[in-house]
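Dumped upload_36.tsv below, it's TSV, C-alpha atoms:
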```tsv
chain	number	residue	atom	x	y	z
A	1	MET	CA	-35.92	-38.76	-9.98
A	2	ARG	CA	-35.45	-42.32	-8.72
A	3	LYS	CA	-32.78	-42.81	-11.38
A	4	TYR	CA	-30.73	-39.92	-9.93
A	5	ILE	CA	-31.02	-41.16	-6.38
A	6	LEU	CA	-29.83	-44.58	-7.50
A	7	LEU	CA	-26.94	-42.96	-9.38
A	8	ALA	CA	-26.00	-40.96	-6.29
A	9	VAL	CA	-26.03	-44.10	-4.13
A	10	ILE	CA	-23.87	-46.01	-6.59
A	11	LEU	CA	-21.45	-43.09	-6.78
A	12	PHE	CA	-21.24	-42.84	-3.02
A	13	ILE	CA	-20.52	-46.55	-2.62
A	14	GLY	CA	-17.82	-46.23	-5.27
A	15	ILE	CA	-16.24	-43.30	-3.48
A	16	ALA	CA	-16.45	-44.99	-0.10
A	17	PHE	CA	-14.72	-48.04	-1.56
A	18	PHE	CA	-12.08	-45.86	-3.16
A	19	PHE	CA	-11.30	-44.06	0.07
A	20	PHE	CA	-11.62	-46.76	2.69
A	21	TYR	CA	-10.21	-49.75	0.86
A	22	GLY	CA	-7.85	-47.91	-1.45
A	23	ASN	CA	-6.01	-46.68	1.61
A	24	THR	CA	-2.56	-48.15	1.26
A	25	ASN	CA	-0.73	-45.62	3.36
A	26	ASN	CA	1.94	-46.94	5.62
A	27	ASN	CA	2.81	-43.74	7.38
A	28	GLU	CA	3.79	-43.79	11.00
A	29	TYR	CA	3.32	-41.33	13.78
A	30	LYS	CA	6.10	-38.76	13.80
A	31	VAL	CA	6.99	-36.35	16.52
A	32	PHE	CA	6.69	-32.60	16.14
A	33	LYS	CA	6.98	-29.69	18.50
A	34	ASN	CA	5.62	-26.16	18.21
A	35	ALA	CA	8.02	-23.48	19.42
A	36	MET	CA	7.98	-19.84	20.45
A	37	MET	CA	11.57	-18.87	19.57
A	38	PRO	CA	14.03	-20.22	16.98
A	39	THR	CA	16.90	-22.44	18.05
A	40	PRO	CA	20.50	-21.17	17.56
A	41	VAL	CA	20.75	-23.33	14.43
A	42	GLN	CA	17.53	-21.83	13.08
A	43	ILE	CA	18.83	-18.32	13.80
A	44	ALA	CA	22.13	-19.14	12.07
A	45	GLY	CA	20.07	-20.24	9.04
A	46	PHE	CA	19.15	-16.60	8.43
A	47	ALA	CA	22.79	-15.87	7.55
A	48	LEU	CA	22.96	-18.76	5.06
A	49	GLY	CA	21.48	-19.41	1.65
A	50	ASP	CA	20.57	-17.15	-1.24
A	51	ASP	CA	19.12	-13.72	-0.83
A	52	VAL	CA	15.86	-14.59	-2.53
A	53	PRO	CA	12.15	-14.16	-1.72
A	54	PHE	CA	10.40	-16.93	0.20
A	55	LEU	CA	7.11	-17.75	1.85
A	56	ALA	CA	6.81	-18.25	5.60
A	57	VAL	CA	3.95	-20.66	6.35
A	58	ASN	CA	2.94	-20.22	9.99
A	59	LEU	CA	0.91	-22.87	11.83
A	60	ILE	CA	-0.16	-21.17	15.03
A	61	LYS	CA	-1.52	-22.45	18.35
A	62	PHE	CA	-2.81	-19.94	20.92
A	63	LYS	CA	-2.74	-20.08	24.69
A	64	GLU	CA	-6.17	-20.19	26.27
A	65	LYS	CA	-5.43	-17.07	28.33
A	66	ALA	CA	-2.79	-14.45	27.55
A	67	GLU	CA	0.25	-14.39	29.83
A	68	TYR	CA	2.60	-11.42	29.57
A	69	ALA	CA	6.28	-11.98	30.29
A	70	ASP	CA	6.37	-8.86	32.52
A	71	GLY	CA	3.64	-10.35	34.71
A	72	ARG	CA	1.06	-7.61	34.03
A	73	GLU	CA	-2.59	-8.40	34.77
A	74	THR	CA	-4.70	-9.12	31.73
A	75	THR	CA	-8.14	-10.45	30.89
A	76	LEU	CA	-7.21	-11.08	27.24
A	77	THR	CA	-7.40	-14.53	25.70
A	78	GLY	CA	-4.31	-15.81	23.90
A	79	GLU	CA	-6.01	-15.15	20.60
A	80	GLN	CA	-6.83	-11.55	21.56
A	81	ALA	CA	-3.25	-10.80	22.65
A	82	TYR	CA	-1.91	-12.34	19.44
A	83	ALA	CA	-4.36	-10.20	17.44
A	84	ILE	CA	-2.69	-7.05	18.84
A	85	TYR	CA	0.64	-8.39	17.54
A	86	ALA	CA	-0.90	-9.43	14.21
A	87	ASP	CA	-2.23	-5.91	13.74
A	88	GLU	CA	1.05	-4.18	14.64
A	89	VAL	CA	3.23	-6.55	12.64
A	90	GLN	CA	1.68	-5.29	9.37
A	91	GLY	CA	3.72	-2.11	9.71
A	92	HIS	CA	6.90	-3.99	10.60
A	93	LEU	CA	6.47	-6.27	7.59
A	94	ALA	CA	5.92	-3.35	5.23
A	95	LYS	CA	9.13	-1.68	6.45
A	96	VAL	CA	11.27	-4.59	5.26
A	97	GLY	CA	9.27	-5.13	2.06
A	98	ALA	CA	7.36	-8.20	3.28
A	99	GLU	CA	3.62	-8.76	2.85
A	100	PRO	CA	0.98	-11.00	4.37
A	101	ILE	CA	-0.50	-13.19	1.59
A	102	LEU	CA	-3.36	-15.08	3.19
A	103	GLY	CA	-4.46	-16.69	6.38
A	104	GLY	CA	-7.37	-17.64	8.57
A	105	GLY	CA	-8.87	-19.81	11.27
A	106	VAL	CA	-8.42	-23.58	10.97
A	107	ASN	CA	-11.67	-25.58	10.70
A	108	ARG	CA	-10.52	-29.15	10.46
A	109	LEU	CA	-8.04	-31.62	9.08
A	110	ILE	CA	-9.18	-33.33	5.89
A	111	LEU	CA	-6.14	-35.59	5.64
A	112	GLY	CA	-3.76	-36.85	8.28
A	113	GLU	CA	-3.73	-36.74	12.05
A	114	VAL	CA	-2.38	-34.12	14.44
A	115	GLU	CA	-2.46	-34.61	18.18
A	116	GLU	CA	-3.40	-30.98	18.72
A	117	LEU	CA	-4.65	-29.09	15.68
A	118	TRP	CA	-3.35	-25.55	15.09
A	119	ASP	CA	-5.75	-22.60	15.44
A	120	VAL	CA	-4.60	-20.40	12.58
A	121	VAL	CA	-2.68	-20.57	9.29
A	122	ALA	CA	-0.84	-17.45	8.09
A	123	VAL	CA	1.36	-17.08	5.00
A	124	VAL	CA	3.76	-14.17	4.61
A	125	ARG	CA	6.09	-13.39	1.70
A	126	TYR	CA	9.51	-11.96	2.61
A	127	PRO	CA	11.94	-10.49	0.08
A	128	SER	CA	14.87	-12.35	1.73
A	129	ARG	CA	16.07	-14.06	4.89
A	130	LYS	CA	18.04	-10.90	5.63
A	131	ALA	CA	14.83	-8.85	5.55
A	132	MET	CA	13.08	-11.18	7.99
A	133	PHE	CA	16.06	-11.15	10.32
A	134	GLU	CA	16.19	-7.34	10.14
A	135	MET	CA	12.52	-7.15	11.15
A	136	ALA	CA	12.79	-9.72	13.94
A	137	THR	CA	15.72	-7.90	15.54
A	138	SER	CA	14.35	-4.34	15.35
A	139	ASP	CA	13.36	-2.60	18.59
A	140	GLU	CA	9.83	-1.70	17.41
A	141	TYR	CA	9.20	-5.31	16.45
A	142	LYS	CA	10.36	-6.53	19.83
A	143	GLU	CA	7.85	-4.19	21.46
A	144	SER	CA	4.99	-5.72	19.44
A	145	GLU	CA	6.38	-9.18	20.04
A	146	THR	CA	5.47	-9.01	23.75
A	147	HIS	CA	1.84	-9.55	22.61
A	148	ARG	CA	2.88	-12.44	20.38
A	149	VAL	CA	4.67	-14.16	23.26
A	150	ALA	CA	1.72	-13.46	25.57
A	151	GLY	CA	-0.80	-15.06	23.24
A	152	LEU	CA	1.09	-17.82	21.50
A	153	ALA	CA	1.34	-21.36	22.86
A	154	GLY	CA	3.71	-22.25	20.02
A	155	GLN	CA	3.99	-22.61	16.28
A	156	LEU	CA	5.70	-24.10	13.30
A	157	ASN	CA	7.10	-21.71	10.73
A	158	ILE	CA	7.94	-23.41	7.45
A	159	GLU	CA	10.17	-21.67	4.91
A	160	VAL	CA	9.05	-22.34	1.35
A	161	ASN	CA	10.62	-21.47	-2.00
A	162	GLU	CA	7.64	-20.55	-4.10
A	163	ASP	CA	7.36	-22.25	-7.49
A	164	GLU	CA	7.32	-19.93	-10.46
A	165	PHE	CA	4.16	-21.53	-11.73
A	166	ASN	CA	1.35	-19.89	-13.59
A	167	PHE	CA	-1.91	-21.19	-12.18
A	168	GLU	CA	-4.15	-19.02	-14.34
B	1	MET	CA	3.03	-34.03	20.00
B	2	GLU	CA	2.43	-36.53	17.25
B	3	VAL	CA	1.56	-36.07	13.62
B	4	LYS	CA	0.77	-38.60	10.91
B	5	ASN	CA	0.51	-38.03	7.18
B	6	HIS	CA	-2.20	-39.87	5.28
B	7	LEU	CA	-3.01	-40.56	1.67
B	8	ARG	CA	-6.80	-40.73	2.03
B	9	PRO	CA	-9.32	-39.18	4.38
B	10	ASN	CA	-10.72	-41.43	7.11
B	11	LYS	CA	-14.44	-42.03	7.61
B	12	THR	CA	-14.94	-39.06	9.93
B	13	GLN	CA	-13.03	-36.79	7.57
B	14	MET	CA	-15.17	-37.94	4.63
B	15	GLU	CA	-18.35	-37.34	6.62
B	16	GLY	CA	-17.06	-33.84	7.36
B	17	PHE	CA	-17.71	-32.92	3.73
B	18	PHE	CA	-21.45	-33.21	4.40
B	19	GLU	CA	-21.43	-31.47	7.77
B	20	GLY	CA	-21.38	-27.87	8.93
B	21	ASP	CA	-21.18	-25.13	6.35
B	22	THR	CA	-20.90	-26.95	3.03
B	23	GLU	CA	-21.53	-23.84	0.90
B	24	THR	CA	-18.85	-21.35	1.98
B	25	GLU	CA	-15.44	-20.83	0.37
B	26	ILE	CA	-12.66	-22.85	1.96
B	27	THR	CA	-8.90	-22.83	1.56
B	28	MET	CA	-6.71	-25.91	1.82
B	29	LEU	CA	-3.13	-25.99	2.98
B	30	ASN	CA	-1.48	-29.20	1.78
B	31	LEU	CA	1.74	-30.31	3.48
B	32	LEU	CA	3.17	-32.99	1.21
B	33	LYS	CA	5.69	-35.78	1.71
B	34	PHE	CA	6.78	-37.67	-1.41
B	35	LYS	CA	7.90	-41.26	-1.85
B	36	GLU	CA	11.45	-41.65	-3.04
B	37	ASN	CA	10.36	-43.73	-6.04
B	38	ALA	CA	6.89	-43.62	-7.55
B	39	GLU	CA	4.75	-46.72	-7.04
B	40	TYR	CA	1.58	-47.05	-9.08
B	41	GLU	CA	-1.27	-48.99	-7.55
B	42	ASP	CA	-1.80	-50.91	-10.79
B	43	GLY	CA	1.77	-52.18	-10.50
B	44	ARG	CA	3.01	-50.59	-13.75
B	45	GLU	CA	6.77	-50.20	-14.19
B	46	THR	CA	8.06	-46.67	-13.73
B	47	ASP	CA	11.35	-44.79	-13.45
B	48	LEU	CA	9.66	-41.73	-11.99
B	49	THR	CA	10.53	-40.39	-8.56
B	50	GLY	CA	7.66	-39.76	-6.18
B	51	ARG	CA	8.01	-36.04	-6.78
B	52	GLU	CA	7.87	-36.49	-10.57
B	53	ALA	CA	4.73	-38.64	-10.41
B	54	TYR	CA	3.07	-36.12	-8.10
B	55	SER	CA	3.96	-33.26	-10.42
B	56	ILE	CA	1.97	-34.97	-13.20
B	57	TYR	CA	-1.01	-34.85	-10.83
B	58	GLY	CA	-0.13	-31.28	-9.85
B	59	GLY	CA	-0.24	-30.20	-13.49
B	60	GLU	CA	-3.53	-31.95	-14.22
B	61	VAL	CA	-5.35	-30.96	-11.05
B	62	VAL	CA	-5.31	-27.31	-12.07
B	63	GLU	CA	-7.97	-28.13	-14.68
B	64	HIS	CA	-10.03	-30.26	-12.29
B	65	LEU	CA	-10.00	-27.38	-9.81
B	66	LYS	CA	-11.18	-24.95	-12.46
B	67	LYS	CA	-14.13	-27.16	-13.39
B	68	VAL	CA	-15.61	-26.85	-9.89
B	69	GLY	CA	-14.70	-23.17	-9.50
B	70	GLY	CA	-11.56	-23.82	-7.43
B	71	LYS	CA	-8.07	-22.46	-7.91
B	72	SER	CA	-4.45	-23.27	-7.12
B	73	VAL	CA	-3.22	-20.31	-5.11
B	74	MET	CA	0.43	-21.13	-4.58
B	75	ALA	CA	2.90	-23.97	-4.24
B	76	GLY	CA	6.54	-24.43	-3.40
B	77	GLU	CA	9.37	-26.48	-1.99
B	78	VAL	CA	10.00	-26.60	1.74
B	79	SER	CA	13.54	-25.41	2.41
B	80	ARG	CA	13.65	-25.47	6.20
B	81	LEU	CA	11.81	-24.97	9.45
B	82	MET	CA	12.32	-21.54	11.01
B	83	LEU	CA	10.34	-22.35	14.16
B	84	GLY	CA	9.46	-25.64	15.81
B	85	GLU	CA	10.67	-29.18	15.23
B	86	VAL	CA	9.30	-31.84	12.90
B	87	GLU	CA	10.77	-35.34	12.87
B	88	ASP	CA	10.02	-35.81	9.19
B	89	LEU	CA	9.78	-32.43	7.48
B	90	TRP	CA	7.39	-32.15	4.53
B	91	ASP	CA	8.83	-31.73	1.01
B	92	SER	CA	6.34	-29.31	-0.50
B	93	ILE	CA	3.33	-27.20	0.23
B	94	ALA	CA	0.38	-26.33	-1.97
B	95	ILE	CA	-2.56	-24.05	-1.29
B	96	ALA	CA	-5.87	-24.36	-3.11
B	97	ARG	CA	-9.14	-22.49	-2.80
B	98	TYR	CA	-12.56	-24.11	-3.32
B	99	PRO	CA	-15.92	-22.35	-3.51
B	100	SER	CA	-17.29	-24.87	-0.95
B	101	ARG	CA	-16.84	-28.27	0.67
B	102	LYS	CA	-19.46	-29.48	-1.79
B	103	ALA	CA	-17.33	-28.35	-4.75
B	104	MET	CA	-14.25	-30.10	-3.40
B	105	LEU	CA	-16.18	-33.33	-2.96
B	106	GLU	CA	-17.58	-32.96	-6.47
B	107	MET	CA	-14.05	-32.70	-7.84
B	108	MET	CA	-12.87	-35.75	-5.91
B	109	MET	CA	-15.82	-37.81	-7.17
B	110	ASN	CA	-15.17	-36.95	-10.81
B	111	SER	CA	-13.81	-39.86	-12.84
B	112	ASP	CA	-11.32	-37.65	-14.74
B	113	TYR	CA	-9.98	-36.49	-11.38
B	114	GLN	CA	-9.62	-40.07	-10.21
B	115	GLU	CA	-7.59	-40.80	-13.33
B	116	SER	CA	-5.17	-37.98	-12.42
B	117	GLU	CA	-5.23	-39.06	-8.80
B	118	LYS	CA	-3.36	-42.26	-9.76
B	119	HIS	CA	-0.25	-40.11	-10.15
B	120	ARG	CA	-0.90	-38.48	-6.80
B	121	SER	CA	-1.08	-41.75	-4.91
B	122	ALA	CA	1.90	-43.10	-6.89
B	123	GLY	CA	4.09	-40.20	-5.81
B	124	LEU	CA	2.76	-39.23	-2.42
B	125	GLU	CA	3.81	-40.95	0.76
B	126	GLY	CA	1.28	-38.95	2.73
B	127	GLN	CA	0.15	-35.47	3.68
B	128	LEU	CA	-1.72	-33.21	5.99
B	129	ASN	CA	-4.53	-31.21	4.48
B	130	ILE	CA	-5.70	-28.35	6.66
B	131	GLU	CA	-9.02	-26.68	5.90
B	132	PHE	CA	-9.29	-23.04	6.91
B	133	ASN	CA	-11.46	-20.00	6.23
B	134	GLU	CA	-9.52	-17.04	4.93
B	135	GLY	CA	-10.01	-13.88	6.91
B	136	ALA	CA	-8.60	-10.38	7.13
B	137	LEU	CA	-4.89	-10.43	7.94
```

I need this file expressed as structure tokens, please.
Amino acid sequence: MRKYILLAVILFIGIAFFFFYGNTNNNEYKVFKNAMMPTPVQIAGFALGDDVPFLAVNLIKFKEKAEYADGRETTLTGEQAYAIYADEVQGHLAKVGAEPILGGGVNRLILGEVEELWDVVAVVRYPSRKAMFEMATSDEYKESETHRVAGLAGQLNIEVNEDEFNFE
Amino acid sequence: MEVKNHLRPNKTQMEGFFEGDTETEITMLNLLKFKENAEYEDGRETDLTGREAYSIYGGEVVEHLKKVGGKSVMAGEVSRLMLGEVEDLWDSIAIARYPSRKAMLEMMMNSDYQESEKHRSAGLEGQLNIEFNEGAL
């Protein structure tokens, strides 16, 4: 038993050395900004590029309390208002052939530093930029989006071209 | 807001592996920024780009993940930002699932993993690694 404890201690010291002293990173602080709506350049991007499937990686930060643009009274938290949107958007996604892949609540950052950590990660696969644009500009979507805007403080949405890689 | 990519976890982040729920499945979103040219810590000569060195690690880590019951879920190249602004946009993303924090730590402590990790640190300028619990979407 003592042998194993000793082994564990030696291992831990080795790891600690590896992580704390092996740290040669020379990264600097960079600025980022979450947003609610795309810029004109980002909107124009939907008309460019190939008509191929992509992943949308959403890093989401909620408001503490929901605030509706029409000024209606609400006792919902930001997260609760966003959850209404998240529920309704399933149907909108399906209509344009998109599907939610995975997502969930953020626990912590294992590497790096972020001034204000996001609350939720959500990954969606769209068949094309055109499909996403079609969804985002439909009237039904815009109705659901009132809950998104009410609950969301801001987000990053990263477009990713998925590697054709077999992980099995 | 400010963001900073790192190559290694800090002390608090390392301690986090022993805290809270260390037995439940976790998912990791890696946001990766590569060096232009690979630089190995042992100083060896190389013509590899940062991306190429990292992809050696990426290929090998699949096996290391498997050994502790983890799995690469998806990976890809960042093409653009559809919402928000980032001063220095990441190059790639990778998502991996681990059965627990304990399993991830076990992988990182393995000497075979540390051999593969040399290619990671040669190619990677820095990254964010976000731990989350998958839920119903």

For chain A, which residues have at least one atom within 8 Å of chain B, if we go by only C-alpha atoms? Write them as a PyMOL selection string, please. chain A and resi 11+15+19-20+23-39+42-43+86-87+100+102-116+120-121+154-163+165+167

Export C-alpha atoms of the chosen residues as a tab-separated table (two decimals), in the coordinates of the input?
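Result saved to part-v4.tsv:
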```
chain	number	residue	atom	x	y	z
A	11	LEU	CA	-21.45	-43.09	-6.78
A	15	ILE	CA	-16.24	-43.30	-3.48
A	19	PHE	CA	-11.30	-44.06	0.07
A	20	PHE	CA	-11.62	-46.76	2.69
A	23	ASN	CA	-6.01	-46.68	1.61
A	24	THR	CA	-2.56	-48.15	1.26
A	25	ASN	CA	-0.73	-45.62	3.36
A	26	ASN	CA	1.94	-46.94	5.62
A	27	ASN	CA	2.81	-43.74	7.38
A	28	GLU	CA	3.79	-43.79	11.00
A	29	TYR	CA	3.32	-41.33	13.78
A	30	LYS	CA	6.10	-38.76	13.80
A	31	VAL	CA	6.99	-36.35	16.52
A	32	PHE	CA	6.69	-32.60	16.14
A	33	LYS	CA	6.98	-29.69	18.50
A	34	ASN	CA	5.62	-26.16	18.21
A	35	ALA	CA	8.02	-23.48	19.42
A	36	MET	CA	7.98	-19.84	20.45
A	37	MET	CA	11.57	-18.87	19.57
A	38	PRO	CA	14.03	-20.22	16.98
A	39	THR	CA	16.90	-22.44	18.05
A	42	GLN	CA	17.53	-21.83	13.08
A	43	ILE	CA	18.83	-18.32	13.80
A	86	ALA	CA	-0.90	-9.43	14.21
A	87	ASP	CA	-2.23	-5.91	13.74
A	100	PRO	CA	0.98	-11.00	4.37
A	102	LEU	CA	-3.36	-15.08	3.19
A	103	GLY	CA	-4.46	-16.69	6.38
A	104	GLY	CA	-7.37	-17.64	8.57
A	105	GLY	CA	-8.87	-19.81	11.27
A	106	VAL	CA	-8.42	-23.58	10.97
A	107	ASN	CA	-11.67	-25.58	10.70
A	108	ARG	CA	-10.52	-29.15	10.46
A	109	LEU	CA	-8.04	-31.62	9.08
A	110	ILE	CA	-9.18	-33.33	5.89
A	111	LEU	CA	-6.14	-35.59	5.64
A	112	GLY	CA	-3.76	-36.85	8.28
A	113	GLU	CA	-3.73	-36.74	12.05
A	114	VAL	CA	-2.38	-34.12	14.44
A	115	GLU	CA	-2.46	-34.61	18.18
A	116	GLU	CA	-3.40	-30.98	18.72
A	120	VAL	CA	-4.60	-20.40	12.58
A	121	VAL	CA	-2.68	-20.57	9.29
A	154	GLY	CA	3.71	-22.25	20.02
A	155	GLN	CA	3.99	-22.61	16.28
A	156	LEU	CA	5.70	-24.10	13.30
A	157	ASN	CA	7.10	-21.71	10.73
A	158	ILE	CA	7.94	-23.41	7.45
A	159	GLU	CA	10.17	-21.67	4.91
A	160	VAL	CA	9.05	-22.34	1.35
A	161	ASN	CA	10.62	-21.47	-2.00
A	162	GLU	CA	7.64	-20.55	-4.10
A	163	ASP	CA	7.36	-22.25	-7.49
A	165	PHE	CA	4.16	-21.53	-11.73
A	167	PHE	CA	-1.91	-21.19	-12.18
```

Work out how far apart atom CA of Glu143 of chain A and atom CA of Val52 of chain A are and give it in Å to one decimal.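 Here the two named atoms are 27.3 Å from each other.
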
What's the separation between atom CA of Gly20 of chain B and atom CA of Ser100 of chain B, in Å to one decimal place?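 That distance, rounded to one decimal, is 11.1 Å.
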
Restricting the calculation to all atoms listed in the file, which member of A:Leu117, A:Ala44, A:Val89, A:Ala122 is positioned closest to Arg148 of chain A?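 The answer is A:Val89, which sits nearest to Arg148 of chain A.
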
Quick one: of A:Gln90, A:Gln80, A:Thr74, A:Thr137, who's nearest to Arg125 of chain A, counting all atoms listed in the file?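 Residue with the minimum atom-to-atom distance to Arg125 of chain A: A:Gln90.
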
Please indicate the distance in Å from atom CA of Tyr113 of chain B to atom CA of Gly69 of chain B, rounded to one decimal place. 14.3 Å

Contacts of segment 67-69 of chain A at 8 Å or less, counting only C-alpha atoms, minus same-chain residues fewer than 5 places along, as a PyMOL selection string? chain A and resi 74+78+146-147+149-151

Shortest contact to Ile101 of chain A, candidates B:Thr46, B:Gly58, B:Thr24, B:Ile95, atoms counted only C-alpha atoms, goes to B:Ile95

Non-local contacts of Asp42 of chain B (10 Å; only C-alpha atoms; under 3 positions in same chain excluded) as a short mmCIF file (atom, residue, chain, number, x, y, z; two decimals) with C-alpha atoms, in the frame of the given file:
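Writing done, so here's result.cif:
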```cif
data_model
loop_
_atom_site.label_atom_id
_atom_site.label_comp_id
_atom_site.auth_asym_id
_atom_site.auth_seq_id
_atom_site.Cartn_x
_atom_site.Cartn_y
_atom_site.Cartn_z
CA GLU B 39 4.75 -46.72 -7.04
CA GLU B 45 6.77 -50.20 -14.19
CA LYS B 118 -3.36 -42.26 -9.76
CA ALA B 122 1.90 -43.10 -6.89
#
```

So, with all atoms listed in the file as the atoms that count, which of A:Lys63, A:Arg72, A:Phe54, A:Glu88 lies closest to Glu140 of chain A?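 Of all the options, A:Glu88 lies closest to Glu140 of chain A.
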
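With distances restricted to all atoms listed in the file, A:Val96 is the closest residue to Ser128 of chain A from A:Ala66, A:Val41, A:Val96, A:Ala83.
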
Please identify all polymer residues within 10 Å of Asp47 of chain B, counting only C-alpha atoms, omitting same-chain residues fewer than 5 positions from it, and present them as a PyMOL selection string. chain B and resi 37-39+52-53

Determine, counting all atoms listed in the file, which protein, DNA and RNA residues have an atom within 9 Å of an atom of Ala103 of chain B; residues of the same chain fewer than 6 positions away are not included. Present the result as a PyMOL selection string. chain B and resi 22-23+65+68-70

Residues at most 6 Å from Tyr54 of chain B, counting all atoms listed in the file, excluding those fewer than 5 positions away in the same chain, as number ranges by chain? B: 119-120, 123

For the selection just defined, write its residues with C-alpha atoms to a file, as an mmCIF file, in the frame of the given file.
```cif
data_model
loop_
_atom_site.group_PDB
_atom_site.id
_atom_site.type_symbol
_atom_site.label_atom_id
_atom_site.label_comp_id
_atom_site.auth_asym_id
_atom_site.auth_seq_id
_atom_site.Cartn_x
_atom_site.Cartn_y
_atom_site.Cartn_z
ATOM 1 C CA HIS B 119 -0.250 -40.110 -10.150
ATOM 2 C CA ARG B 120 -0.900 -38.480 -6.800
ATOM 3 C CA GLY B 123 4.090 -40.200 -5.810
#
```
